[in-house]
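Everything on this sheet refers to the single structure shown next.
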Amino acid sequence: ASVGDGILGIDLAGTITVVNPAGAQILGYKPHDLLGRNLHETIHHTRADGSPEPAEGSKIQEAVHLSEPVRVNDEIFWRKDGTHVPVDYVATPLLDDGEAVGVVVAFTDTTARRELDQMKDEFVSTVSHELRTPLTSLRAALGMVASGVLQSRPEKAQQMLDIAVGNTDRLINLVNDILELERIGSGKAELHQSNVSVGDLCHRAADLQQTSAAKAGIGFRFQAENVFAWADPDRILQLLTNLISNAIKFSPAESEIFLAATYEADGEACIAVHDQGRGIPADKLDLIFERFQQVDASDSRAKGGTGLGLAICKSIVQQHGGEIWVESELGRGSTFYFTLPSRPSSNLR
Ligand code: ADP
């Protein structure tokens with residue numbers, strides 16, 4: 001009764017004679033609802049592709065004839081509500097004096113494992129696609145130079161090398177971001193929290209981006225003094241730098257980036273990075289915090305991003321126990337907010 005996997009027992013006619021609570025729960029029944037029913041007709045009648053699963057010759061039957069356990073992976077059992085659950089199971093014959101008298105089916109719900117596998121597959125395929133794009137341009141540009149056809153056209157050769165360098169930079173950023181996400185996600189990046197001045201961090205992050213802001217004709221304004229947080233200063237600097245670099249990328253010239261911090265009612269510090277840029281459509285406000293999600297598929301090439309920056313920001317904030325979100329008005333600007341814990345004495349320096 002206390003095992004987490006499902007256990008069903010059937011007699012030779014295929015009638016369910018015993019079921020444990022976990023088994024009944026996985027299948028969406030009360031245990032006594034299952035007793036006396038035919039196992040095949042109740043939970044094993046149809047395959048995942050919709051074709052009927054014949055009762056004769058099923059793996060569960062096979063266990064009786066073979067007189068030894070049969071292990072089956074990646075099948076489904078049907079639930080009471082008409083949905084199905086992916087399972088792995090072992091069907092073991094019940095022997096009485098060497099004679100088979102029934103079968104015990106021990107099964108595991110593999111939903112979580114399948115979801116994880118699917119996520120991994122999707123991640124690997126996105127990463128390979130993201131890596132292949134710059135690599136293909138890099139190969140083409142270097143191929144032109146290496147072939148010698150540009151020997152008499154040094155300007156064109158230079159142009160190809162510039163393309164190659166640009167794509168190499170993109171690859172390096174991409175690999176760094178992927179490794180960074182992995183480091184934070186796997187808990188390998190320990191937090192070194194202390195009482196930090198949010199105002200100082202905002203100024204330092206803006207200073208780091210001063211050159212690109214000035215180039216784009218963008219100025220900064222601050223209102224973050226006297227707010228303190230219990231946080232890892234390096235991580236927060238990385239987070240702010242990411243948000244500011246996005247704000248610069250998506251803002252017009254002569255606009256302003258406003259960095260503000262306040263305390264929430266519950267005492268948490270709330271930091272806002274406001275820009276007057278192009279804004280983000282309402283249906284993308286949550287999505288952009290996911291890996292490789294960009295509002296416009298051309299953003300990575302046009303703006304030099306990887307689509308991983310906000311996923312990294314989200315991991316950093318979550319590691320601190322805070323939240324991150326964005327509010328935006330198309331064509332008018334966006335404000336990214338995140339919260340951080342603060343100690344009760346945190347407003348005293
Ligand atoms: P990227 O490396 O592409 O900047 P991010 O994860 O940092 O990746 O951002 C994901 C996407 O969210 C961007 O490509 C852009 O479409 C959108 N975005 C992020 N910040 C802003 C902003 N301040 N204004 C408008 N769009 C933004």
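Letters A, B, ... go to the chains of the structure tokens in the order shown; residues in each chain start at 1; ligands are counted from 1 in the same order.
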**Report entry** Surroundings of ligand 1 up to 6 Å, based on only C-alpha atoms and all ligand atoms, as a PyMOL selection string
**Finding:** chain A and resi 246-247+250+277-280+288+293-296+299-300+305-311+334
**Report entry** Shell around Pro281 in chain A at 9 Å using only C-alpha atoms, local window under 6 positions removed, as a list in words
**Finding:** Val295, Ser328, Glu329 and Leu330 of chain A
Would you save the residues from that selection as a short mmCIF file (atom, residue, chain, number, x, y, z; two decimals), in the first residue's frame, using N, CA, C and O atoms?
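result-v2.cif written:
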```
data_model
loop_
_atom_site.label_atom_id
_atom_site.label_comp_id
_atom_site.auth_asym_id
_atom_site.auth_seq_id
_atom_site.Cartn_x
_atom_site.Cartn_y
_atom_site.Cartn_z
N VAL A 295 10.94 38.98 -29.45
CA VAL A 295 9.71 39.51 -30.01
C VAL A 295 9.73 39.36 -31.52
O VAL A 295 8.77 38.97 -32.15
N SER A 328 4.55 47.18 -20.33
CA SER A 328 4.99 47.88 -21.53
C SER A 328 3.83 48.45 -22.32
O SER A 328 2.71 47.94 -22.26
N GLU A 329 4.13 49.52 -23.04
CA GLU A 329 3.14 50.09 -23.93
C GLU A 329 3.83 50.22 -25.29
O GLU A 329 4.90 50.85 -25.39
N LEU A 330 3.24 49.62 -26.30
CA LEU A 330 3.88 49.60 -27.62
C LEU A 330 4.16 51.02 -28.10
O LEU A 330 3.29 51.89 -28.04
#
```
Requested in this report: Please identify all polymer residues within 12 Å of Ile248 in chain A, counting only C-alpha atoms, omitting same-chain residues fewer than 4 positions from it, and present them as a PyMOL selection string.
Outcome: chain A and resi 206+209-220+241-244+252-258+273-278+303+333-334
Report task. Write out as number ranges by chain the residues lying within 6 Å of Leu39 in chain A, counting only C-alpha atoms and excluding same-chain residues fewer than 4 positions away. Result -> A: 14-16, 43
Kindly export the residues of the current selection with N, CA and C atoms, as a short mmCIF file (atom, residue, chain, number, x, y, z; two decimals), in the first residue's frame.
```cif
data_model
loop_
_atom_site.label_atom_id
_atom_site.label_comp_id
_atom_site.auth_asym_id
_atom_site.auth_seq_id
_atom_site.Cartn_x
_atom_site.Cartn_y
_atom_site.Cartn_z
N GLY A 14 -8.14 -12.39 -16.46
CA GLY A 14 -7.86 -10.98 -16.72
C GLY A 14 -8.64 -10.03 -15.81
N THR A 15 -9.30 -10.55 -14.79
CA THR A 15 -10.08 -9.71 -13.88
C THR A 15 -9.18 -9.15 -12.78
N ILE A 16 -9.35 -7.87 -12.51
CA ILE A 16 -8.52 -7.23 -11.49
C ILE A 16 -8.93 -7.74 -10.11
N ILE A 43 -8.21 -0.57 -18.91
CA ILE A 43 -7.08 0.38 -18.98
C ILE A 43 -6.12 0.13 -20.14
#
```
Report summary line: For Arg291 in chain A, the closest of A:Val127, A:Ile10, A:Ala260, A:Ala1 counting only C-alpha atoms is A:Val127
